[in-house]
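Text of the file start_30.csv, holding CSV, N, CA and C atoms:
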```
chain,number,residue,atom,x,y,z
B,1,MET,N,-48.3,-3.6,-42.2
B,1,MET,CA,-47.2,-3.3,-41.4
B,1,MET,C,-46.9,-4.6,-40.6
B,2,ALA,N,-45.6,-4.8,-40.2
B,2,ALA,CA,-45.2,-6.0,-39.5
B,2,ALA,C,-46.0,-6.1,-38.2
B,3,GLY,N,-46.5,-7.4,-38.0
B,3,GLY,CA,-47.2,-7.6,-36.7
B,3,GLY,C,-48.7,-7.4,-36.8
B,4,GLU,N,-49.2,-6.7,-37.8
B,4,GLU,CA,-50.6,-6.4,-38.0
B,4,GLU,C,-51.3,-7.5,-38.7
B,5,PRO,N,-52.6,-7.7,-38.3
B,5,PRO,CA,-53.3,-8.8,-39.0
B,5,PRO,C,-53.5,-8.5,-40.5
B,6,ARG,N,-53.5,-9.6,-41.2
B,6,ARG,CA,-53.8,-9.6,-42.7
B,6,ARG,C,-54.8,-10.6,-43.0
B,7,GLU,N,-55.6,-10.4,-44.0
B,7,GLU,CA,-56.6,-11.3,-44.4
B,7,GLU,C,-56.0,-12.2,-45.5
B,8,SER,N,-56.5,-13.4,-45.6
B,8,SER,CA,-56.1,-14.3,-46.7
B,8,SER,C,-56.8,-13.8,-48.0
B,9,ALA,N,-56.2,-14.1,-49.1
B,9,ALA,CA,-56.8,-13.7,-50.4
B,9,ALA,C,-58.1,-14.4,-50.6
B,10,SER,N,-58.2,-15.7,-50.2
B,10,SER,CA,-59.4,-16.4,-50.5
B,10,SER,C,-60.5,-16.2,-49.4
B,11,GLY,N,-60.1,-15.8,-48.3
B,11,GLY,CA,-61.0,-15.6,-47.2
B,11,GLY,C,-61.3,-16.9,-46.4
B,12,ILE,N,-60.7,-18.0,-46.9
B,12,ILE,CA,-60.9,-19.3,-46.3
B,12,ILE,C,-60.0,-19.5,-45.1
B,13,ALA,N,-58.7,-19.2,-45.3
B,13,ALA,CA,-57.7,-19.5,-44.2
B,13,ALA,C,-57.9,-18.4,-43.1
B,14,SER,N,-57.5,-18.8,-41.9
B,14,SER,CA,-57.6,-17.9,-40.8
B,14,SER,C,-56.6,-16.8,-41.0
B,15,ALA,N,-56.9,-15.6,-40.5
B,15,ALA,CA,-56.0,-14.5,-40.6
B,15,ALA,C,-54.7,-14.7,-39.9
B,16,SER,N,-53.6,-14.2,-40.5
B,16,SER,CA,-52.3,-14.3,-39.9
B,16,SER,C,-51.8,-12.9,-39.7
B,17,VAL,N,-50.5,-12.8,-39.4
B,17,VAL,CA,-49.9,-11.5,-39.3
B,17,VAL,C,-48.7,-11.4,-40.2
B,18,HIS,N,-48.4,-10.2,-40.6
B,18,HIS,CA,-47.3,-9.9,-41.5
B,18,HIS,C,-46.0,-10.2,-40.6
B,19,ALA,N,-45.2,-11.0,-41.1
B,19,ALA,CA,-43.9,-11.3,-40.3
B,19,ALA,C,-42.9,-10.2,-40.5
B,20,GLU,N,-42.9,-9.6,-41.6
B,20,GLU,CA,-42.0,-8.5,-41.9
B,20,GLU,C,-42.5,-7.6,-43.1
B,21,SER,N,-42.0,-6.5,-43.2
B,21,SER,CA,-42.4,-5.6,-44.3
B,21,SER,C,-41.1,-5.0,-44.8
B,22,CYS,N,-41.1,-4.5,-46.0
B,22,CYS,CA,-39.9,-3.9,-46.6
B,22,CYS,C,-40.3,-2.7,-47.4
B,23,TRP,N,-39.6,-1.6,-47.3
B,23,TRP,CA,-39.8,-0.5,-48.1
B,23,TRP,C,-38.6,-0.3,-49.0
B,24,LEU,N,-38.7,0.0,-50.2
B,24,LEU,CA,-37.6,0.1,-51.1
B,24,LEU,C,-37.7,1.3,-51.9
B,25,ALA,N,-36.7,2.1,-52.0
B,25,ALA,CA,-36.7,3.3,-52.9
B,25,ALA,C,-35.3,3.4,-53.6
B,26,THR,N,-35.3,3.9,-54.7
B,26,THR,CA,-34.1,4.1,-55.5
B,26,THR,C,-33.7,5.6,-55.4
B,27,LEU,N,-32.5,5.8,-55.0
B,27,LEU,CA,-31.9,7.1,-55.0
B,27,LEU,C,-31.1,7.3,-56.3
B,28,ASN,N,-31.6,8.2,-57.2
B,28,ASN,CA,-30.9,8.4,-58.4
B,28,ASN,C,-30.4,9.9,-58.5
B,29,PRO,N,-29.1,10.0,-58.1
B,29,PRO,CA,-28.6,11.4,-57.9
B,29,PRO,C,-28.7,12.2,-59.2
B,30,SER,N,-28.7,11.6,-60.4
B,30,SER,CA,-28.8,12.4,-61.6
B,30,SER,C,-30.2,13.0,-61.8
B,31,ALA,N,-31.2,12.5,-61.1
B,31,ALA,CA,-32.6,13.1,-61.2
B,31,ALA,C,-32.8,14.1,-60.1
B,32,TRP,N,-31.8,14.3,-59.2
B,32,TRP,CA,-32.0,15.3,-58.1
B,32,TRP,C,-31.2,16.5,-58.5
B,33,LEU,N,-31.4,17.6,-57.7
B,33,LEU,CA,-30.7,18.8,-57.9
B,33,LEU,C,-29.2,18.5,-57.7
B,34,THR,N,-28.8,17.6,-56.8
B,34,THR,CA,-27.4,17.3,-56.6
B,34,THR,C,-27.1,16.1,-57.5
B,35,ARG,N,-26.0,16.0,-58.1
B,35,ARG,CA,-25.6,14.8,-58.9
B,35,ARG,C,-24.6,14.0,-58.2
B,36,ASN,N,-24.4,14.3,-56.9
B,36,ASN,CA,-23.4,13.7,-56.1
B,36,ASN,C,-24.1,12.7,-55.1
B,37,LEU,N,-23.6,11.5,-55.2
B,37,LEU,CA,-24.3,10.4,-54.3
B,37,LEU,C,-24.1,10.8,-52.8
B,38,SER,N,-23.0,11.3,-52.4
B,38,SER,CA,-22.8,11.6,-51.0
B,38,SER,C,-23.8,12.7,-50.6
B,39,ASN,N,-24.0,13.7,-51.4
B,39,ASN,CA,-25.0,14.7,-51.1
B,39,ASN,C,-26.4,14.2,-51.1
B,40,SER,N,-26.7,13.3,-52.0
B,40,SER,CA,-28.0,12.7,-52.1
B,40,SER,C,-28.3,11.9,-50.9
B,41,ILE,N,-27.3,11.1,-50.4
B,41,ILE,CA,-27.6,10.3,-49.1
B,41,ILE,C,-27.8,11.3,-48.0
B,42,ALA,N,-27.0,12.4,-47.9
B,42,ALA,CA,-27.2,13.4,-46.8
B,42,ALA,C,-28.6,14.0,-46.9
B,43,LEU,N,-29.0,14.3,-48.1
B,43,LEU,CA,-30.4,14.9,-48.3
B,43,LEU,C,-31.4,13.8,-47.9
B,44,CYS,N,-31.3,12.6,-48.2
B,44,CYS,CA,-32.2,11.6,-47.8
B,44,CYS,C,-32.2,11.4,-46.3
B,45,THR,N,-31.1,11.5,-45.7
B,45,THR,CA,-31.0,11.4,-44.3
B,45,THR,C,-31.7,12.5,-43.6
B,46,THR,N,-31.6,13.7,-44.2
B,46,THR,CA,-32.4,14.9,-43.6
B,46,THR,C,-33.9,14.6,-43.7
B,47,HIS,N,-34.3,14.0,-44.8
B,47,HIS,CA,-35.8,13.7,-44.9
B,47,HIS,C,-36.2,12.7,-43.9
B,48,LEU,N,-35.3,11.7,-43.7
B,48,LEU,CA,-35.6,10.6,-42.7
B,48,LEU,C,-35.6,11.2,-41.3
B,49,ALA,N,-34.7,12.1,-41.0
B,49,ALA,CA,-34.6,12.7,-39.7
B,49,ALA,C,-35.9,13.5,-39.3
B,50,ALA,N,-36.5,14.1,-40.4
B,50,ALA,CA,-37.8,14.8,-40.1
B,50,ALA,C,-38.9,13.8,-39.7
B,51,ARG,N,-38.7,12.5,-39.9
B,51,ARG,CA,-39.7,11.5,-39.5
B,51,ARG,C,-39.1,10.6,-38.4
B,52,SER,N,-38.2,11.2,-37.6
B,52,SER,CA,-37.6,10.4,-36.6
B,52,SER,C,-38.5,9.8,-35.5
B,53,GLU,N,-39.6,10.5,-35.2
B,53,GLU,CA,-40.5,10.0,-34.2
B,53,GLU,C,-41.1,8.7,-34.8
B,54,PHE,N,-41.5,8.6,-36.0
B,54,PHE,CA,-42.1,7.4,-36.6
B,54,PHE,C,-41.0,6.3,-36.7
B,55,LEU,N,-39.8,6.7,-37.1
B,55,LEU,CA,-38.7,5.7,-37.2
B,55,LEU,C,-38.4,5.1,-35.8
B,56,GLN,N,-38.4,6.0,-34.8
B,56,GLN,CA,-38.1,5.5,-33.4
B,56,GLN,C,-39.2,4.5,-32.9
B,57,LYS,N,-40.4,4.8,-33.3
B,57,LYS,CA,-41.5,3.9,-33.0
B,57,LYS,C,-41.3,2.5,-33.6
B,58,LEU,N,-40.9,2.5,-34.9
B,58,LEU,CA,-40.7,1.3,-35.6
B,58,LEU,C,-39.5,0.5,-34.9
B,59,HIS,N,-38.5,1.3,-34.5
B,59,HIS,CA,-37.3,0.7,-33.8
B,59,HIS,C,-37.7,0.0,-32.5
B,60,ARG,N,-38.6,0.8,-31.7
B,60,ARG,CA,-39.0,0.2,-30.4
B,60,ARG,C,-39.8,-1.1,-30.6
B,61,GLU,N,-40.5,-1.2,-31.8
B,61,GLU,CA,-41.3,-2.3,-32.1
B,61,GLU,C,-40.5,-3.5,-32.7
B,62,GLY,N,-39.2,-3.3,-32.8
B,62,GLY,CA,-38.3,-4.3,-33.2
B,62,GLY,C,-37.9,-4.3,-34.7
B,63,ALA,N,-38.2,-3.2,-35.3
B,63,ALA,CA,-37.9,-3.0,-36.7
B,63,ALA,C,-36.3,-2.9,-36.9
B,64,GLN,N,-35.8,-3.4,-38.0
B,64,GLN,CA,-34.4,-3.2,-38.3
B,64,GLN,C,-34.5,-2.4,-39.6
B,65,MET,N,-33.8,-1.2,-39.6
B,65,MET,CA,-33.7,-0.3,-40.7
B,65,MET,C,-32.4,-0.3,-41.3
B,66,VAL,N,-32.4,-0.5,-42.6
B,66,VAL,CA,-31.1,-0.6,-43.4
B,66,VAL,C,-31.2,0.3,-44.6
B,67,MET,N,-30.2,1.1,-44.8
B,67,MET,CA,-30.1,1.8,-46.1
B,67,MET,C,-29.0,1.1,-46.9
B,68,ARG,N,-29.4,0.5,-48.0
B,68,ARG,CA,-28.5,-0.3,-48.8
B,68,ARG,C,-28.1,0.6,-50.0
B,69,VAL,N,-26.8,0.8,-50.2
B,69,VAL,CA,-26.3,1.6,-51.3
B,69,VAL,C,-25.6,0.7,-52.3
B,70,ALA,N,-26.0,0.7,-53.5
B,70,ALA,CA,-25.4,-0.1,-54.6
B,70,ALA,C,-24.5,0.9,-55.4
B,71,LEU,N,-23.2,0.6,-55.5
B,71,LEU,CA,-22.3,1.5,-56.1
B,71,LEU,C,-21.5,0.7,-57.1
B,72,SER,N,-21.1,1.4,-58.2
B,72,SER,CA,-20.1,0.9,-59.1
B,72,SER,C,-18.7,1.3,-58.4
B,73,PRO,N,-17.7,0.4,-58.5
B,73,PRO,CA,-16.4,0.8,-58.0
B,73,PRO,C,-15.9,2.1,-58.6
B,74,LEU,N,-16.3,2.4,-59.8
B,74,LEU,CA,-15.9,3.7,-60.4
B,74,LEU,C,-16.4,4.9,-59.7
B,75,ALA,N,-17.6,4.7,-59.0
B,75,ALA,CA,-18.2,5.9,-58.3
B,75,ALA,C,-17.5,6.1,-56.9
B,76,MET,N,-16.6,5.1,-56.5
B,76,MET,CA,-16.0,5.2,-55.2
B,76,MET,C,-14.9,6.3,-55.2
B,77,GLU,N,-14.5,6.7,-56.3
B,77,GLU,CA,-13.3,7.7,-56.4
B,77,GLU,C,-13.6,8.9,-55.6
B,78,ASP,N,-14.8,9.5,-55.6
B,78,ASP,CA,-15.1,10.7,-54.9
B,78,ASP,C,-16.2,10.5,-53.9
B,79,PHE,N,-16.5,9.3,-53.5
B,79,PHE,CA,-17.6,9.0,-52.6
B,79,PHE,C,-17.2,9.0,-51.1
B,80,SER,N,-17.9,9.7,-50.3
B,80,SER,CA,-17.6,9.7,-48.8
B,80,SER,C,-18.9,10.1,-48.1
B,81,LEU,N,-19.0,9.7,-46.9
B,81,LEU,CA,-20.1,10.1,-46.0
B,81,LEU,C,-19.6,11.0,-44.9
B,82,SER,N,-20.2,12.1,-44.7
B,82,SER,CA,-19.7,13.0,-43.6
B,82,SER,C,-20.0,12.5,-42.3
B,83,PRO,N,-19.3,12.9,-41.2
B,83,PRO,CA,-19.6,12.5,-39.9
B,83,PRO,C,-21.0,12.9,-39.5
B,84,GLN,N,-21.5,14.0,-40.0
B,84,GLN,CA,-22.8,14.5,-39.6
B,84,GLN,C,-23.9,13.5,-40.2
B,85,THR,N,-23.7,13.0,-41.4
B,85,THR,CA,-24.6,12.1,-42.0
B,85,THR,C,-24.6,10.7,-41.3
B,86,THR,N,-23.4,10.2,-41.1
B,86,THR,CA,-23.3,8.9,-40.4
B,86,THR,C,-23.8,9.0,-39.0
B,87,GLY,N,-23.6,10.1,-38.3
B,87,GLY,CA,-24.1,10.3,-37.0
B,87,GLY,C,-25.6,10.4,-36.9
B,88,ALA,N,-26.2,11.1,-37.9
B,88,ALA,CA,-27.6,11.2,-38.0
B,88,ALA,C,-28.3,9.8,-38.3
B,89,LEU,N,-27.7,9.1,-39.2
B,89,LEU,CA,-28.2,7.7,-39.5
B,89,LEU,C,-28.1,6.8,-38.3
B,90,GLY,N,-27.0,7.0,-37.5
B,90,GLY,CA,-26.9,6.2,-36.3
B,90,GLY,C,-27.9,6.6,-35.2
B,91,LYS,N,-28.2,7.9,-35.1
B,91,LYS,CA,-29.2,8.3,-34.2
B,91,LYS,C,-30.6,7.8,-34.6
B,92,LEU,N,-30.8,7.6,-35.9
B,92,LEU,CA,-32.1,7.1,-36.4
B,92,LEU,C,-32.2,5.6,-36.3
B,93,GLY,N,-31.1,5.0,-36.0
B,93,GLY,CA,-31.0,3.5,-35.9
B,93,GLY,C,-31.0,2.8,-37.2
B,94,ILE,N,-30.4,3.6,-38.2
B,94,ILE,CA,-30.4,3.0,-39.6
B,94,ILE,C,-28.9,2.6,-39.9
B,95,THR,N,-28.8,1.3,-40.2
B,95,THR,CA,-27.5,0.7,-40.6
B,95,THR,C,-27.3,1.0,-42.1
B,96,VAL,N,-26.1,1.3,-42.5
B,96,VAL,CA,-25.8,1.5,-43.9
B,96,VAL,C,-25.0,0.3,-44.4
B,97,GLU,N,-25.5,-0.3,-45.5
B,97,GLU,CA,-24.8,-1.4,-46.2
B,97,GLU,C,-24.5,-1.0,-47.6
B,98,PHE,N,-23.3,-1.4,-48.1
B,98,PHE,CA,-22.9,-1.1,-49.4
B,98,PHE,C,-22.8,-2.4,-50.3
B,99,ASP,N,-23.3,-2.3,-51.5
B,99,ASP,CA,-23.2,-3.4,-52.5
B,99,ASP,C,-22.4,-2.8,-53.6
B,100,PHE,N,-21.3,-3.4,-54.0
B,100,PHE,CA,-20.5,-2.9,-55.1
B,100,PHE,C,-20.8,-3.7,-56.3
B,101,ALA,N,-21.3,-3.0,-57.3
B,101,ALA,CA,-21.6,-3.7,-58.6
B,101,ALA,C,-20.4,-3.9,-59.4
B,102,ASP,N,-20.4,-4.9,-60.2
B,102,ASP,CA,-19.3,-5.2,-61.1
B,102,ASP,C,-19.4,-4.3,-62.3
B,103,PRO,N,-18.4,-3.5,-62.7
B,103,PRO,CA,-18.5,-2.6,-63.7
B,103,PRO,C,-18.7,-3.2,-65.1
B,104,ASP,N,-18.7,-4.5,-65.3
B,104,ASP,CA,-18.8,-5.1,-66.6
B,104,ASP,C,-20.2,-4.9,-67.2
```
Rewrite the structure from the file as structure tokens, please.
Amino acid sequence: MAGEPRESASGIASASVHAESCWLATLNPSAWLTRNLSNSIALCTTHLAARSEFLQKLHREGAQMVMRVALSPLAMEDFSLSPQTTGALGKLGITVEFDFADPD
């Protein structure tokens, strides 16, 4: 975890601290009960909200939390985020970023 001591692989160098850490997960709506990306993000937000105490602790310690969503422009036709989802992400301190993939 960021800021915690880590040992060198060789054991020769002095211990340092992790400058940052990153968690990465893929949301694949086709593998979920819902096949809709908007609903999948809402469901993910619900799961994150259940861990709000932990996320708030990370935020107090200086963590920056980002949900990065990669989309094909073709998927944008019916994609939207509800005010409830965006509000919940805001309360959790999670910024949402979108990457638009080239359909080629």
| message | I'd like the neighbourhood of Leu92 in chain B as a list in words, where a residue qualifies if any of its atoms comes within 7 Å (using only C-alpha atoms), though same-chain residues fewer than 6 positions away should be ignored. | response | Ala49, Ser52, Leu55 and Gln56 of chain B
Selection from above, N, CA and C atoms, as a PDB file, in the coordinates of the input, can you write it?
```
ATOM      1  N   ALA B  49     -34.700  12.100 -41.000  1.00  0.00           N
ATOM      2  CA  ALA B  49     -34.600  12.700 -39.700  1.00  0.00           C
ATOM      3  C   ALA B  49     -35.900  13.500 -39.300  1.00  0.00           C
ATOM      4  N   SER B  52     -38.200  11.200 -37.600  1.00  0.00           N
ATOM      5  CA  SER B  52     -37.600  10.400 -36.600  1.00  0.00           C
ATOM      6  C   SER B  52     -38.500   9.800 -35.500  1.00  0.00           C
ATOM      7  N   LEU B  55     -39.800   6.700 -37.100  1.00  0.00           N
ATOM      8  CA  LEU B  55     -38.700   5.700 -37.200  1.00  0.00           C
ATOM      9  C   LEU B  55     -38.400   5.100 -35.800  1.00  0.00           C
ATOM     10  N   GLN B  56     -38.400   6.000 -34.800  1.00  0.00           N
ATOM     11  CA  GLN B  56     -38.100   5.500 -33.400  1.00  0.00           C
ATOM     12  C   GLN B  56     -39.200   4.500 -32.900  1.00  0.00           C
TER      13      GLN B  56
END
```
| So how far away is CA of Leu81 in chain B from CA of Ser38 in chain B, in Å? |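 Distance reported for this atom pair: 5.9 Å.
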| said: What's the separation between atom N of Thr46 in chain B and CA of Thr85 in chain B, in Å to one decimal place? | reply: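 Rounded to one decimal, the two atoms are 7.5 Å apart.
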| task | Go through B:Ala101, B:Trp23, B:Ile94, B:Asn39 and flag the residue nearest Met67 in chain B, using all atoms listed in the file for the distances. | result |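 Looking only at the distances to Met67 in chain B, the closest residue turns out to be B:Ile94.
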| said: Please report the interatomic distance between atom N of Phe79 in chain B and atom C of Asn36 in chain B in Å with one decimal. | reply: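 Rounded to one decimal, the two atoms are 8.5 Å apart.
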| field | Test item: residues at most 8 Å from Met65 in chain B, only C-alpha atoms, excluding those fewer than 3 positions along its chain, as number ranges by chain | value | B: 59, 93-95
| said: I'd like the contact shell of Val96 in chain B - 12 Å cut-off, only C-alpha atoms, skipping same-chain residues fewer than 4 positions apart - returned as a PyMOL selection string. | reply: chain B and resi 41+45+64-70+81+85-90+92
| request: Could you please write out, as a PyMOL selection string, every residue of range 49-90 of chain B that DSSP assigns to alpha helix (DSSP H)? | output: chain B and resi 49+52-60+83-90
